[in-house]
Amino acid sequence: MTEEYVQAFVHESEEQLTDLNNSLLALESDPDDREAMDDIFRTAHTLKGNFGAMGYDDASDLSHAIEDLLDELREGEMAVTPEVMDLVFAGVDRLEVAVESIDEDGTVDVETADLEDDIRTVIEDGAAGADIDEPGDGGGDATADASEDGQVDTFEVAVEVGESEMQGVDGMLVLEAVREGADLVSATPDPEAIEDGEYDDGFDLVVGSTTADELRTTLDRVSAIDDADITQAGTDGSADETDGPDGTATDDAGDDDGGETGDDEASTDGPSGGSSSSSSREISSVRVDVDQLDDLHGLVEQLVTSRIKLRRAVDDDNVDSATDTLGELDKITGNLQNTVMDMRLIPMRKVISKFPRLVRDLARDQEKDVDFRMEGQDIELDRTILTEISDPLMHILRNAVDHGIEPPEEREAAGKDREGTIELRASRERDHVTVTVEDDGRGLDVDELRRKAVEKGVRSEAELESMEDSEVYDLVFHPGFSTADEVTDVSGRGVGMDVVHSTVKQLDGSVNVESEYGEGTTVTLRLPVTVAIVKVLFVEVGEEEYGIPIKNIDEVSRIPEVKTINEEPMIEHDDDIYPVVDLADELDVPGETTNGHGMLLRIRKSERRAALRCDAVNKQEEVVVKPLEGVLSGIPGLSGTAVLGDGNIVPILDVVTL
């Protein structure tokens, strides 16, 4: 079977599973929705046939069981209850894991027979008499028997987390999964440190669970876990030790544990399994309109023709002809750039179509009633930007359900509808897209935020007194603001909104929070449609060169009179005071500088009230800014790098964090 066919199958199956999830949500909301039921049945039937045709018999058998269960619902033989829907969703989750496994190595390296047996039991016995497991629970008989015994053993778990730029989020999700499916006895380092991302490659847990298999199933639902060794406390580990969720795990009897892992795009933070970090799986394919391909082909033809003309002009030493041809090339490359950028655009539904299931599972897990609505799914963004904002949006939604929407009784006591509302809206304005997540929950207490800001040393009392409420709300983005005992709906559990803020800033976007206590909270992300091609001003500092986006600069001038206020250099402009930041000192630049002379770049007040001193201003150019990755990401004062025409790499400064 060729790789081409496998990838086509994977992409089609991912779309079908997303459609199936959303149709199931529509059916759960309205059990009499015949159109949703028909869509569900058709999609399930197609999935069964496709798995069978590709030779993945185990996944096909599970699909067949799901199809039969849906047929019972369609024929009215069984009611559409939350418990039955949980089982159907669990089956869909397992199929998503199977598709991920196929994408990785071409095989279904995941257990399906246990869940298929559970579904067959429900069909035979009826939902009322069946023991329906929670979503993604695996439902093995041995685990059920052990649960009935009530015997709880203690296990030592060495958790390894894969490479991640959101270690705190991954750690939080591992701990939460353990707390939901077992008993967390202790953690090394402590849970707060883990949720803050203060660990290297992993951490150690002591967990109470009925069996090693049950604990393994719990851990397998978290795709952020790269590996996990489970050893029964007080033994030499030989009896119960199992490998991580990589498809090789075995228990002491030698039975295949299945190695279930969460699906990268479909997994959620809720009981359906998975991790928020898993959603950032890179979008690996785009659909291109034939007209765009024709335009691209035409531009390449023009490029080839102009190249020939330029070569002839150079060979003939015809400067005028060469200059004219360079002008043509400039226009062609500009059009080529625009066409390629348009081809990279992907509708937001590629990411946000997974969110209704996320909200459903979170709300059901917390026994909350939530009406989740989405608008603007056809708004397009560059695939790189869309991939990067998936995790931030998921975290914002999670906070809205976790900390924003109140329990039904609390809402009713406050004079609200028992059902809360969360809306995700996307709209485009010229070269930017605005994504808004709004909830009608408890909102932010600005007085409590001010108190915590002082307590955490984020701002002084004097600073807070001069700040507008809207500025105080944005303090939730400060890395040191979040706490473990949260009382707000956006500050997370020791990590979160600071990561959201840094991710959006790296994409050359902005994010802000507005709230009214008791009424709800709105988080707004403003993002560029395409990757950052920006006009940059290049400056000299000592022996080095740096770039500063021109949009951040209000004025370039010779250094005016500098005053000293509180031992700090300042300049005055239009009755405003601007601190002077010496780039040579700030960046620790080697070599001689102009010692107080040179040029001054006054930053736009909307970005930061500051003026940057450099030795000289060179030129301005349009460049592609590549964000810093890995260990370099998040360095204060740097937003990325640009490769110039001569091959030199120039750092691009972030004037806000400098």
# chains A, B, ... in the order shown; residues from 1 in each chain; ligands from 1
call {"tool": "residues_around", "arguments": {"residues": "Gly547 in chain A", "least_positions_apart": "5", "cutoff": "7 Å", "atoms": "only C-alpha atoms", "output": "ChimeraX atom specification"}}
result
/A:536-539,650-653
call {"tool": "write_last_selection", "arguments": {"atoms": "C-alpha atoms", "output": "CSV table (one decimal), in the first residue's frame"}}
result
chain,number,residue,atom,x,y,z
A,536,VAL,CA,12.2,46.9,9.4
A,537,LEU,CA,14.6,49.7,10.2
A,538,PHE,CA,18.1,48.5,10.7
A,539,VAL,CA,20.3,50.2,13.3
A,650,VAL,CA,20.0,40.0,11.8
A,651,PRO,CA,18.1,39.8,15.2
A,652,ILE,CA,14.7,41.6,15.2
A,653,LEU,CA,14.0,43.4,18.5
call {"tool": "select_by_dssp", "arguments": {"residues": "range 364-599 of chain A", "states": "helix (DSSP H, G or I)", "output": "PyMOL selection string"}}
result
chain A and resi 364-365+383-404+408-413+446-455+461-465+469-477+497-506+550-552+583-586
call {"tool": "atom_distance", "arguments": {"atom1": "CA of Val656 in chain A", "atom2": "CA of Met599 in chain A"}}
result
19.2 Å
call {"tool": "select_by_dssp", "arguments": {"residues": "range 150-229 of chain A", "states": "strand (DSSP E)", "output": "list in words"}}
result
Asp153, Thr154, Phe155, Glu156, Val157, Ala158, Val159, Glu160, Val161, Asp183, Leu184, Val185, Ser186, Ala187, Thr188, Gly202, Phe203, Asp204, Leu205, Val206, Val207, Gly208, Ser209, Ile225, Asp226, Asp227, Ala228 and Asp229 of chain A
call {"tool": "residues_around", "arguments": {"residues": "Asp498 in chain A", "least_positions_apart": "4", "cutoff": "8 Å", "atoms": "only C-alpha atoms", "output": "VMD selection string"}}
result
chain A and resid 476 to 479 502
call {"tool": "write_last_selection", "arguments": {"atoms": "C-alpha atoms", "output": "compact mmCIF listing (two decimals), in the first residue's frame"}}
result
# COMPACT_ATOMS: atom_id res chain seq x y z
CA VAL A 476 -3.57 38.09 33.92
CA PHE A 477 -1.01 37.77 31.09
CA HIS A 478 1.86 38.42 33.51
CA PRO A 479 3.90 35.19 34.07
CA SER A 502 3.71 35.05 24.37
call {"tool": "closest_residue", "arguments": {"among": "A:Ala98, A:Met467, A:Ala36, A:Ile119", "to": "Ser13 in chain A", "atoms": "only C-alpha atoms"}}
result
A:Ala98
